[in-house]
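Visitor: One file: input_3.csv (CSV, C-alpha atoms).
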chain,number,residue,atom,x,y,z
A,1,MET,CA,10.0,16.2,-12.8
A,2,GLU,CA,8.5,17.9,-15.8
A,3,THR,CA,5.3,19.7,-15.3
A,4,SER,CA,4.2,19.5,-18.9
A,5,LEU,CA,3.1,16.4,-20.8
A,6,SER,CA,5.0,15.2,-23.8
A,7,PHE,CA,4.5,12.3,-26.2
A,8,THR,CA,7.7,11.3,-27.9
A,9,SER,CA,7.2,7.6,-28.8
A,10,SER,CA,8.0,6.3,-32.2
A,11,SER,CA,5.3,6.2,-34.9
A,12,LEU,CA,6.5,2.8,-36.0
A,13,VAL,CA,5.0,-0.2,-34.3
A,14,PRO,CA,7.7,-2.7,-33.5
A,15,ALA,CA,7.8,-5.9,-35.5
A,16,LYS,CA,7.9,-8.0,-32.3
A,17,PRO,CA,5.9,-6.0,-29.7
A,18,ALA,CA,6.4,-6.6,-26.1
A,19,PRO,CA,3.4,-7.3,-23.9
A,20,PHE,CA,4.2,-4.5,-21.5
A,21,PRO,CA,3.3,-0.8,-21.9
A,22,PRO,CA,5.9,1.6,-23.3
A,23,PRO,CA,7.9,3.7,-20.8
A,24,HIS,CA,6.3,6.9,-21.8
A,25,SER,CA,3.0,5.8,-20.5
A,26,ASN,CA,4.2,6.4,-16.9
A,27,PHE,CA,3.2,10.1,-17.1
A,28,ILE,CA,-0.4,9.0,-16.2
A,29,SER,CA,-0.1,7.7,-12.7
A,30,SER,CA,-3.2,6.5,-10.9
A,31,ARG,CA,-4.5,7.8,-7.7
A,32,LEU,CA,-2.9,6.4,-4.6
A,33,LYS,CA,-3.7,2.7,-4.5
A,34,SER,CA,-4.1,2.7,-0.7
A,35,SER,CA,-7.1,4.9,-0.9
A,36,ARG,CA,-8.7,2.8,-3.6
A,37,LEU,CA,-8.1,-0.4,-1.6
A,38,GLU,CA,-9.6,1.2,1.5
A,39,LYS,CA,-12.7,2.2,-0.5
A,40,ASN,CA,-13.1,-1.3,-1.9
A,41,ARG,CA,-12.5,-2.9,1.5
A,42,LYS,CA,-15.4,-0.8,2.8
A,43,ASN,CA,-17.6,-2.0,0.0
A,44,ASN,CA,-16.6,-5.6,0.9
A,45,ASN,CA,-15.6,-6.3,-2.7
A,46,LEU,CA,-12.0,-7.5,-2.0
A,47,PHE,CA,-11.5,-11.2,-1.8
A,48,LEU,CA,-7.9,-10.8,-0.5
A,49,VAL,CA,-6.2,-7.5,0.4
A,50,LYS,CA,-2.5,-7.5,-0.6
A,51,ASP,CA,0.2,-5.0,0.1
A,52,SER,CA,2.4,-5.9,-2.8
A,53,GLY,CA,2.0,-5.0,-6.5
A,54,SER,CA,3.8,-5.3,-9.7
A,55,SER,CA,6.5,-3.2,-11.3
A,56,ASN,CA,6.8,-2.0,-14.8
A,57,ASN,CA,9.6,-4.5,-15.5
A,58,GLY,CA,7.3,-7.4,-14.9
A,59,SER,CA,8.5,-8.4,-11.5
A,60,PHE,CA,5.9,-9.6,-9.0
A,61,SER,CA,5.6,-10.3,-5.4
A,62,PRO,CA,5.9,-14.0,-4.4
A,63,PHE,CA,2.7,-13.8,-2.4
A,64,PRO,CA,-0.3,-15.3,-4.0
A,65,VAL,CA,-2.8,-12.9,-5.5
A,66,PHE,CA,-6.4,-13.3,-6.4
A,67,PRO,CA,-8.8,-11.2,-8.4
A,68,ASN,CA,-10.5,-8.4,-6.4
A,69,ASN,CA,-13.8,-9.2,-8.0
A,70,ILE,CA,-15.3,-12.0,-10.1
A,71,SER,CA,-18.8,-10.8,-10.6
A,72,LEU,CA,-19.1,-7.1,-9.9
A,73,GLU,CA,-21.0,-4.4,-11.8
A,74,GLU,CA,-18.5,-1.7,-12.4
A,75,ALA,CA,-19.1,2.0,-13.1
A,76,ILE,CA,-19.3,3.0,-16.8
A,77,GLY,CA,-17.4,6.3,-16.3
A,78,ALA,CA,-16.8,9.4,-18.5
A,79,GLU,CA,-20.5,10.2,-18.8
A,80,TYR,CA,-19.6,13.8,-19.4
A,81,GLY,CA,-16.1,13.2,-20.9
A,82,GLU,CA,-14.4,13.3,-17.5
A,83,GLY,CA,-11.3,11.2,-17.1
A,84,PHE,CA,-9.0,10.5,-14.1
A,85,GLU,CA,-6.6,12.5,-12.0
A,86,THR,CA,-2.9,12.4,-11.7
A,87,PHE,CA,-0.5,14.2,-9.4
A,88,ARG,CA,2.2,16.4,-10.9
A,89,ALA,CA,4.9,18.5,-9.4
A,90,ASP,CA,2.8,21.7,-9.8
A,91,GLY,CA,-0.3,20.1,-8.4
A,92,LEU,CA,-3.3,18.0,-9.4
A,93,LEU,CA,-3.8,17.4,-13.2
A,94,LYS,CA,-7.2,16.3,-14.5
A,95,VAL,CA,-6.9,14.1,-17.6
A,96,ASP,CA,-10.2,13.9,-19.5
A,97,VAL,CA,-11.2,12.7,-23.0
A,98,ASP,CA,-10.7,16.1,-24.7
A,99,PHE,CA,-7.3,16.5,-23.1
A,100,LEU,CA,-6.1,13.2,-24.4
A,101,ASN,CA,-7.5,13.8,-27.9
A,102,ASP,CA,-5.6,17.0,-28.0
A,103,LYS,CA,-2.3,15.8,-26.5
A,104,LEU,CA,-2.1,12.6,-28.5
A,105,GLN,CA,-2.5,14.4,-31.9
A,106,GLU,CA,-0.2,13.0,-34.6
A,107,GLY,CA,2.9,14.9,-35.5
A,108,PHE,CA,3.9,15.9,-39.0
A,109,LEU,CA,5.9,12.7,-39.7
A,110,LYS,CA,3.2,10.5,-38.2
A,111,ARG,CA,0.5,12.1,-40.4
A,112,ILE,CA,2.6,11.4,-43.5
A,113,ARG,CA,3.1,7.8,-42.5
A,114,TYR,CA,-0.6,7.3,-41.6
A,115,ALA,CA,-1.6,8.8,-44.9
A,116,MET,CA,0.4,6.0,-46.7
A,117,LYS,CA,-0.5,3.3,-44.1
A,118,PRO,CA,-3.9,4.4,-42.5
A,119,ASP,CA,-4.3,1.1,-40.6
A,120,GLU,CA,-1.4,2.0,-38.3
A,121,ALA,CA,-3.2,5.0,-37.0
A,122,TYR,CA,-5.8,2.9,-35.2
A,123,GLY,CA,-5.5,1.3,-31.8
A,124,LEU,CA,-7.5,-1.8,-30.7
A,125,ILE,CA,-8.6,-2.3,-27.1
A,126,PHE,CA,-9.9,-5.8,-26.1
A,127,SER,CA,-11.8,-6.4,-22.9
A,128,TRP,CA,-10.8,-9.6,-21.2
A,129,ASP,CA,-14.1,-11.1,-20.2
A,130,ASN,CA,-15.7,-13.1,-23.1
A,131,VAL,CA,-13.7,-11.2,-25.7
A,132,VAL,CA,-10.3,-12.7,-25.1
A,133,ALA,CA,-11.2,-15.6,-22.9
A,134,ASP,CA,-14.6,-17.3,-22.3
A,135,THR,CA,-14.8,-16.3,-18.6
A,136,GLN,CA,-18.5,-17.2,-18.5
A,137,ALA,CA,-17.7,-20.9,-18.5
A,138,LEU,CA,-14.9,-20.3,-15.9
A,139,LYS,CA,-17.3,-18.5,-13.5
A,140,ARG,CA,-19.9,-21.2,-13.8
A,141,ASN,CA,-17.3,-23.9,-13.2
A,142,ALA,CA,-16.0,-22.0,-10.1
A,143,TRP,CA,-19.5,-21.8,-8.7
A,144,ASN,CA,-20.3,-25.4,-9.4
A,145,GLN,CA,-17.0,-26.6,-7.8
A,146,LEU,CA,-17.7,-24.4,-4.7
A,147,ALA,CA,-21.2,-25.9,-4.4
A,148,ILE,CA,-19.9,-29.4,-4.6
A,149,GLU,CA,-17.3,-28.7,-1.8
A,150,GLU,CA,-19.9,-27.2,0.4
A,151,GLY,CA,-22.5,-29.9,-0.3
A,152,LYS,CA,-24.9,-27.4,-1.8
A,153,GLU,CA,-26.9,-27.4,-5.1
A,154,ILE,CA,-27.2,-24.6,-7.6
A,155,PRO,CA,-30.5,-24.4,-9.6
A,156,GLU,CA,-30.2,-25.1,-13.3
A,157,ASP,CA,-32.8,-22.5,-14.4
A,158,ASN,CA,-31.7,-19.8,-16.8
A,159,GLY,CA,-32.5,-17.0,-14.3
A,160,THR,CA,-30.2,-18.3,-11.6
A,161,GLN,CA,-27.4,-19.1,-14.1
A,162,ARG,CA,-27.6,-15.5,-15.5
A,163,LEU,CA,-27.5,-14.0,-12.0
A,164,LEU,CA,-24.4,-16.0,-11.1
A,165,LEU,CA,-22.6,-14.2,-13.9
A,166,GLN,CA,-24.0,-10.7,-13.5
A,167,GLU,CA,-24.5,-10.2,-9.8
A,168,GLY,CA,-21.9,-9.6,-7.1
A,169,VAL,CA,-20.7,-12.5,-5.0
A,170,ASP,CA,-22.3,-11.2,-1.8
A,171,ASN,CA,-25.7,-10.8,-3.5
A,172,VAL,CA,-25.5,-14.3,-5.1
A,173,LEU,CA,-24.7,-16.0,-1.8
A,174,ASN,CA,-27.2,-14.2,0.3
A,175,GLU,CA,-30.1,-13.4,-2.1
A,176,VAL,CA,-29.9,-15.7,-5.1
A,177,LEU,CA,-28.6,-19.0,-3.6
A,178,GLN,CA,-29.6,-18.1,0.0
A,179,TRP,CA,-27.0,-20.2,1.6
A,180,GLU,CA,-27.1,-20.0,5.4
A,181,MET,CA,-23.8,-18.9,6.7
A,182,GLU,CA,-22.0,-16.7,9.2
A,183,GLU,CA,-19.9,-13.6,8.4
A,184,ASN,CA,-16.7,-15.6,8.7
A,185,ASP,CA,-18.1,-18.2,6.3
A,186,LEU,CA,-18.9,-15.5,3.8
A,187,CYS,CA,-15.3,-14.3,3.6
A,188,ARG,CA,-14.0,-17.9,3.4
A,189,LEU,CA,-16.4,-18.7,0.5
A,190,LYS,CA,-15.4,-15.6,-1.4
A,191,LEU,CA,-11.8,-16.4,-1.1
A,192,ARG,CA,-12.3,-20.0,-2.1
A,193,LEU,CA,-14.4,-18.9,-5.1
A,194,SER,CA,-11.5,-16.6,-6.3
A,195,GLU,CA,-9.0,-19.5,-5.9
A,196,LEU,CA,-11.2,-21.8,-8.0
A,197,PHE,CA,-11.6,-19.1,-10.7
A,198,CYS,CA,-7.8,-18.5,-10.8
A,199,ASP,CA,-7.1,-22.2,-11.1
A,200,ASN,CA,-9.6,-22.6,-13.9
A,201,LEU,CA,-8.1,-19.5,-15.7
A,202,VAL,CA,-4.6,-20.9,-15.6
A,203,LYS,CA,-5.8,-24.2,-17.0
A,204,PHE,CA,-7.8,-22.5,-19.8
A,205,SER,CA,-6.1,-23.6,-23.0
A,206,GLU,CA,-8.1,-21.9,-25.8
A,207,PRO,CA,-9.0,-18.3,-26.4
A,208,ILE,CA,-12.3,-17.1,-28.0
A,209,GLU,CA,-12.8,-18.8,-31.4
A,210,GLY,CA,-11.2,-16.9,-34.3
A,211,LEU,CA,-9.1,-14.6,-32.0
A,212,ASN,CA,-5.8,-16.0,-33.0
A,213,GLU,CA,-6.5,-15.4,-36.7
A,214,TRP,CA,-7.8,-11.9,-36.1
A,215,LEU,CA,-4.8,-10.9,-34.1
A,216,ASP,CA,-2.5,-12.3,-36.8
A,217,ALA,CA,-4.3,-10.1,-39.3
A,218,VAL,CA,-4.0,-6.9,-37.3
A,219,SER,CA,-0.4,-7.7,-36.4
A,220,THR,CA,0.4,-8.0,-40.1
A,221,ALA,CA,-1.3,-4.6,-40.6
A,222,ARG,CA,0.9,-3.3,-37.7
A,223,ILE,CA,-2.1,-2.1,-35.6
A,224,PRO,CA,-1.2,-1.9,-31.9
A,225,CYS,CA,-3.4,-3.8,-29.4
A,226,ALA,CA,-4.2,-3.6,-25.7
A,227,VAL,CA,-6.1,-5.8,-23.3
A,228,VAL,CA,-8.0,-4.4,-20.2
A,229,SER,CA,-9.2,-6.3,-17.2
A,230,SER,CA,-10.2,-5.8,-13.6
A,231,LEU,CA,-8.0,-8.8,-12.6
A,232,ASP,CA,-4.5,-8.6,-11.2
A,233,ARG,CA,-1.7,-8.1,-13.6
A,234,LYS,CA,0.1,-11.3,-12.8
A,235,ILE,CA,-3.0,-13.3,-13.5
A,236,VAL,CA,-3.6,-11.6,-16.9
A,237,VAL,CA,0.1,-11.9,-18.0
A,238,ASP,CA,0.2,-15.6,-17.0
A,239,ALA,CA,-3.0,-16.3,-18.8
A,240,LEU,CA,-1.8,-14.5,-21.9
A,241,GLU,CA,1.4,-16.5,-21.9
A,242,HIS,CA,-0.5,-19.7,-21.4
A,243,LEU,CA,-2.8,-18.9,-24.3
A,244,ARG,CA,0.2,-17.7,-26.4
A,245,LEU,CA,-1.3,-14.3,-27.0
A,246,ASN,CA,1.2,-12.1,-25.2
A,247,LYS,CA,3.1,-11.3,-28.4
A,248,TYR,CA,0.1,-9.6,-29.8
A,249,PHE,CA,-0.5,-7.0,-27.1
A,250,GLN,CA,1.6,-3.9,-26.6
A,251,ALA,CA,-0.2,-2.7,-23.5
A,252,ILE,CA,-2.0,-4.3,-20.5
A,253,VAL,CA,-4.4,-2.4,-18.2
A,254,THR,CA,-5.2,-4.3,-14.9
A,255,GLU,CA,-6.2,-3.7,-11.3
A,256,GLU,CA,-2.8,-2.3,-10.5
A,257,ASP,CA,-3.4,0.7,-12.7
A,258,GLY,CA,-6.0,2.0,-10.3
A,259,MET,CA,-8.7,2.9,-12.8
A,260,GLU,CA,-12.0,3.4,-11.2
A,261,SER,CA,-14.4,2.7,-14.1
A,262,ILE,CA,-14.6,0.9,-17.4
A,263,ALA,CA,-14.1,4.1,-19.4
A,264,HIS,CA,-11.0,5.0,-17.4
A,265,ARG,CA,-9.4,1.7,-18.3
A,266,PHE,CA,-10.1,2.4,-21.9
A,267,LEU,CA,-8.4,5.8,-21.7
A,268,SER,CA,-5.4,4.3,-19.9
A,269,ALA,CA,-5.1,1.8,-22.7
A,270,ALA,CA,-5.2,4.6,-25.3
A,271,VAL,CA,-2.4,6.4,-23.5
A,272,LYS,CA,-0.2,3.2,-23.4
A,273,LEU,CA,-0.8,2.6,-27.1
A,274,ASP,CA,0.0,6.3,-27.9
A,275,ARG,CA,-3.2,6.6,-29.8
A,276,LYS,CA,-5.8,9.3,-29.2
A,277,PRO,CA,-9.1,7.9,-28.0
A,278,SER,CA,-11.0,9.0,-31.1
A,279,LYS,CA,-8.8,6.6,-33.1
A,280,CYS,CA,-9.3,3.6,-30.9
A,281,VAL,CA,-11.7,0.7,-31.4
A,282,VAL,CA,-13.0,-1.3,-28.4
A,283,PHE,CA,-14.0,-4.9,-28.6
A,284,GLU,CA,-16.8,-5.6,-26.1
A,285,ASP,CA,-19.6,-8.0,-25.3
A,286,ASP,CA,-21.4,-5.9,-22.7
A,287,PRO,CA,-23.7,-3.0,-23.4
A,288,ARG,CA,-22.0,-1.1,-20.4
A,289,GLY,CA,-18.6,-1.4,-22.1
A,290,ILE,CA,-20.0,-0.2,-25.4
A,291,THR,CA,-21.4,2.9,-23.6
A,292,ALA,CA,-18.1,3.5,-21.9
A,293,ALA,CA,-16.3,3.3,-25.3
A,294,HIS,CA,-18.6,5.9,-26.8
A,295,ASN,CA,-18.2,8.1,-23.8
A,296,CYS,CA,-14.5,8.1,-24.6
A,297,THR,CA,-15.1,9.0,-28.3
A,298,MET,CA,-14.0,5.5,-29.3
A,299,MET,CA,-15.6,3.1,-31.8
A,300,ALA,CA,-17.1,-0.1,-30.4
A,301,ILE,CA,-17.4,-3.6,-32.0
A,302,ALA,CA,-19.7,-5.9,-30.1
A,303,LEU,CA,-19.4,-9.7,-30.0
A,304,ILE,CA,-22.7,-11.6,-29.7
A,305,GLY,CA,-22.6,-14.3,-27.1
A,306,ALA,CA,-22.9,-13.2,-23.5
A,307,HIS,CA,-25.7,-10.8,-24.5
A,308,PRO,CA,-28.1,-11.2,-27.4
A,309,ALA,CA,-27.8,-9.0,-30.5
A,310,TYR,CA,-30.8,-6.8,-29.7
A,311,ARG,CA,-29.0,-5.6,-26.5
A,312,LEU,CA,-25.9,-4.6,-28.5
A,313,GLY,CA,-27.6,-2.4,-31.0
A,314,GLN,CA,-25.7,0.8,-29.8
A,315,ALA,CA,-22.4,-0.7,-31.1
A,316,ASP,CA,-20.9,0.7,-34.3
A,317,LEU,CA,-20.6,-2.9,-35.6
A,318,THR,CA,-22.0,-6.1,-34.2
A,319,VAL,CA,-20.6,-9.5,-35.3
A,320,GLY,CA,-21.1,-13.1,-34.3
A,321,GLY,CA,-17.4,-13.8,-34.0
A,322,TYR,CA,-13.9,-12.8,-35.1
A,323,ASN,CA,-14.3,-14.8,-38.2
A,324,ASP,CA,-16.7,-12.2,-39.5
A,325,LEU,CA,-14.1,-9.4,-39.3
A,326,SER,CA,-11.5,-8.1,-41.7
A,327,VAL,CA,-9.1,-5.1,-41.5
A,328,ILE,CA,-11.3,-3.3,-44.0
A,329,ASN,CA,-14.0,-3.2,-41.4
A,330,LEU,CA,-11.8,-0.9,-39.3
A,331,ARG,CA,-11.4,1.5,-42.1
A,332,ARG,CA,-15.1,1.6,-42.7
A,333,LEU,CA,-15.8,2.5,-39.1
A,334,PHE,CA,-13.9,5.8,-39.6
A,335,ALA,CA,-14.8,6.4,-43.3
A,336,HIS,CA,-17.5,8.9,-42.4
A,337,LYS,CA,-15.9,10.3,-39.3
A,338,GLY,CA,-17.0,13.9,-38.7
A,339,SER,CA,-19.8,13.8,-41.3
A,340,ASN,CA,-22.6,12.5,-39.2
A,341,PHE,CA,-25.7,14.5,-38.6
A,342,MET,CA,-25.2,17.5,-36.3
A,343,ASP,CA,-21.4,17.0,-36.1
A,344,LEU,CA,-19.4,20.1,-36.0
A,345,GLN,CA,-17.6,20.8,-39.3
A,346,LYS,CA,-15.4,23.5,-40.6
A,347,GLN,CA,-16.8,25.7,-43.2
A,348,VAL,CA,-14.5,26.7,-46.0
A,349,MET,CA,-14.8,30.3,-46.9
A,350,GLU,CA,-14.1,30.7,-50.6
A,351,LYS,CA,-12.7,34.1,-51.6
A,352,THR,CA,-14.3,35.7,-54.6
A,353,PRO,CA,-11.5,36.3,-57.2
A,354,PRO,CA,-11.0,39.9,-58.0
A,355,ARG,CA,-12.7,41.1,-61.2
A,356,ARG,CA,-10.4,42.1,-64.0
A,357,LYS,CA,-10.4,45.7,-65.0
A,358,LEU,CA,-10.8,46.2,-68.7
A,359,THR,CA,-8.7,49.0,-70.1
A,360,VAL,CA,-8.6,50.3,-73.6
A,361,ASP,CA,-5.3,51.4,-74.9
A,362,THR,CA,-5.4,53.8,-77.9
A,363,PHE,CA,-2.3,54.2,-80.0
A,364,PHE,CA,-1.9,57.1,-82.4
Could you quickly redo this structure as structure tokens?
Guide:
Amino acid sequence: METSLSFTSSSLVPAKPAPFPPPHSNFISSRLKSSRLEKNRKNNNLFLVKDSGSSNNGSFSPFPVFPNNISLEEAIGAEYGEGFETFRADGLLKVDVDFLNDKLQEGFLKRIRYAMKPDEAYGLIFSWDNVVADTQALKRNAWNQLAIEEGKEIPEDNGTQRLLLQEGVDNVLNEVLQWEMEENDLCRLKLRLSELFCDNLVKFSEPIEGLNEWLDAVSTARIPCAVVSSLDRKIVVDALEHLRLNKYFQAIVTEEDGMESIAHRFLSAAVKLDRKPSKCVVFEDDPRGITAAHNCTMMAIALIGAHPAYRLGQADLTVGGYNDLSVINLRRLFAHKGSNFMDLQKQVMEKTPPRRKLTVDTFF
């Protein structure tokens, strides 16, 4: 096993990209999954603990899998530029934002190519919730179906409906809806809720409006794309195939990657795309995701919908939908890169040309 990192992927984006990450991305392995599952089990966030995972070749265990969380506020991450850790032959290696920006620098040939085709230098990272699929509607439907099965009613007021989407399942059942139940019933309801959500996700037939046209445009410009989610890989892959979007994504980051925060998933996507974080653009609908993108030195484009526009003011660009975007918007995001107020810049020291010595030649 090599103890140094190397990036040797081609600078050309394939004409028909595969929906799975390139082989070279395996150099960033996640922490041991068992410790992560144990931690989540203690937090009572797992709907169903599974011993099987997915391999890089797309094979999956025949056992049914369900998302580990439907409504759970995740950590933002990378507040001080820290990344995640991976185990190497010579010990523990800490991978942070600066490390990736340095290791993923373009080589000589790539710089020449990107000078002629600057769009290919970017990497696009899409969050799954409300950016690729309208999961708000799916979550509401799952809660309503669960209430009907249990003979309960869910209030229709805006406050309760908002908490159904933003709070954890335990908190919703105990504090918001205040359903009387025992501990065994709580586990059963969480498992049933996850089943209903997965069933609705598979039946979902349309992505976010305008997404197909936007992905067609960036695919024509040969810009690589990745999708990140906290769901299991099999669920995301099946949903992408059902939506006929799998051909557009070169990388997928899911629960199996073992990332512990939103920012870590973005960094993992940048590695799989072979793009340094400072050249990536994140599409988000949540202020927390926008903050995570900026912590990773990435640009952020916010989609108005799940949150009003005034809560997305920190994004580099805020749009009402994909129909408002064009590839030229990506170039404008990086047009003034490095020239913002208080940014570090290199000062060019101009050397004063030597003064000519005047000589007088006298001929006799």
Visitor: Choose the residue, out of A:Gln250, A:Asn130, A:Thr160, A:Asn144, that has the smallest atom-to-atom separation from Asp274 of chain A; count only C-alpha atoms.
Guide: A:Gln250
Visitor: Might you pull out every residue within 12 Å of Ile328 of chain A, with all atoms listed in the file counted and same-chain residues fewer than 3 positions away left off, and present them as a PyMOL selection string?
Guide: chain A and resi 118-119+217-218+221+324-325+331-335
Visitor: Please save C-alpha atoms of the selected residues as an mmCIF file, in the coordinates of the input.
Guide:
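Ended up saving to selection26.cif:
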data_model
loop_
_atom_site.group_PDB
_atom_site.id
_atom_site.type_symbol
_atom_site.label_atom_id
_atom_site.label_comp_id
_atom_site.auth_asym_id
_atom_site.auth_seq_id
_atom_site.Cartn_x
_atom_site.Cartn_y
_atom_site.Cartn_z
ATOM 1 C CA PRO A 118 -3.900 4.400 -42.500
ATOM 2 C CA ASP A 119 -4.300 1.100 -40.600
ATOM 3 C CA ALA A 217 -4.300 -10.100 -39.300
ATOM 4 C CA VAL A 218 -4.000 -6.900 -37.300
ATOM 5 C CA ALA A 221 -1.300 -4.600 -40.600
ATOM 6 C CA ASP A 324 -16.700 -12.200 -39.500
ATOM 7 C CA LEU A 325 -14.100 -9.400 -39.300
ATOM 8 C CA ARG A 331 -11.400 1.500 -42.100
ATOM 9 C CA ARG A 332 -15.100 1.600 -42.700
ATOM 10 C CA LEU A 333 -15.800 2.500 -39.100
ATOM 11 C CA PHE A 334 -13.900 5.800 -39.600
ATOM 12 C CA ALA A 335 -14.800 6.400 -43.300
#
Visitor: Using all atoms listed in the file and a cutoff of 6 Å, can you tell me which residues are near (-9.7, 4.3, -33.0) in the file's coordinates, and write them out as a list in words?
Guide: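 Those residues, ordered by chain and then number, are Tyr122, Gly123, Ser278, Lys279, Cys280, Val281 and Met298 of chain A.
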Visitor: Of the candidates A:Arg113, A:Arg222, A:Lys139, A:Lys94, which shows the shortest atom-to-atom distance to Glu167 of chain A, using all atoms listed in the file?
Guide: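 Ranking A:Arg113, A:Arg222, A:Lys139, A:Lys94 by distance to Glu167 of chain A, first place goes to A:Lys139.
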Visitor: Taking (-3.5, -19.3, -22.3) in the file's own coordinates, collect the residues within 9 Å, counting only C-alpha atoms, and hand them back as a ChimeraX atom specification.
Guide: /A:133,201-207,238-245
Visitor: So that I can check the surroundings of Glu120 of chain A, please list as a list of chain:residue names every protein, DNA and RNA residue that reaches within 10 Å of it, counting all atoms listed in the file and ignoring chain neighbours fewer than 3 positions away.
Guide: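 Listing them by chain and then by number gives A:Ser11, A:Leu12, A:Val13, A:Lys110, A:Arg113, A:Tyr114, A:Ala115, A:Met116, A:Lys117, A:Gly123, A:Val218, A:Ser219, A:Ala221, A:Arg222, A:Ile223, A:Pro224, A:Arg275.
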Visitor: Atom CA of Ala293 of chain A to atom CA of Pro277 of chain A: how many Å, to one decimal?
Guide: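 Between these atoms lies a distance of 9.0 Å.
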Visitor: As an exercise, work out the distance from atom CA of Ala137 of chain A to atom CA of Val169 of chain A in Å and give it to one decimal place.
Guide: 16.2 Å
Visitor: Mind checking which residues fall within 12 Å of His294 of chain A, counting only C-alpha atoms, ignoring those fewer than 2 positions away in the same chain, and posting them as a PyMOL selection string?
Guide: chain A and resi 76-81+97+262-263+266-267+277-284+287-292+296-301+314-316
Visitor: So how far away is atom CA of Asp285 of chain A from atom CA of Leu104 of chain A, in Å?
Guide: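 These two atoms are separated by 27.2 Å.
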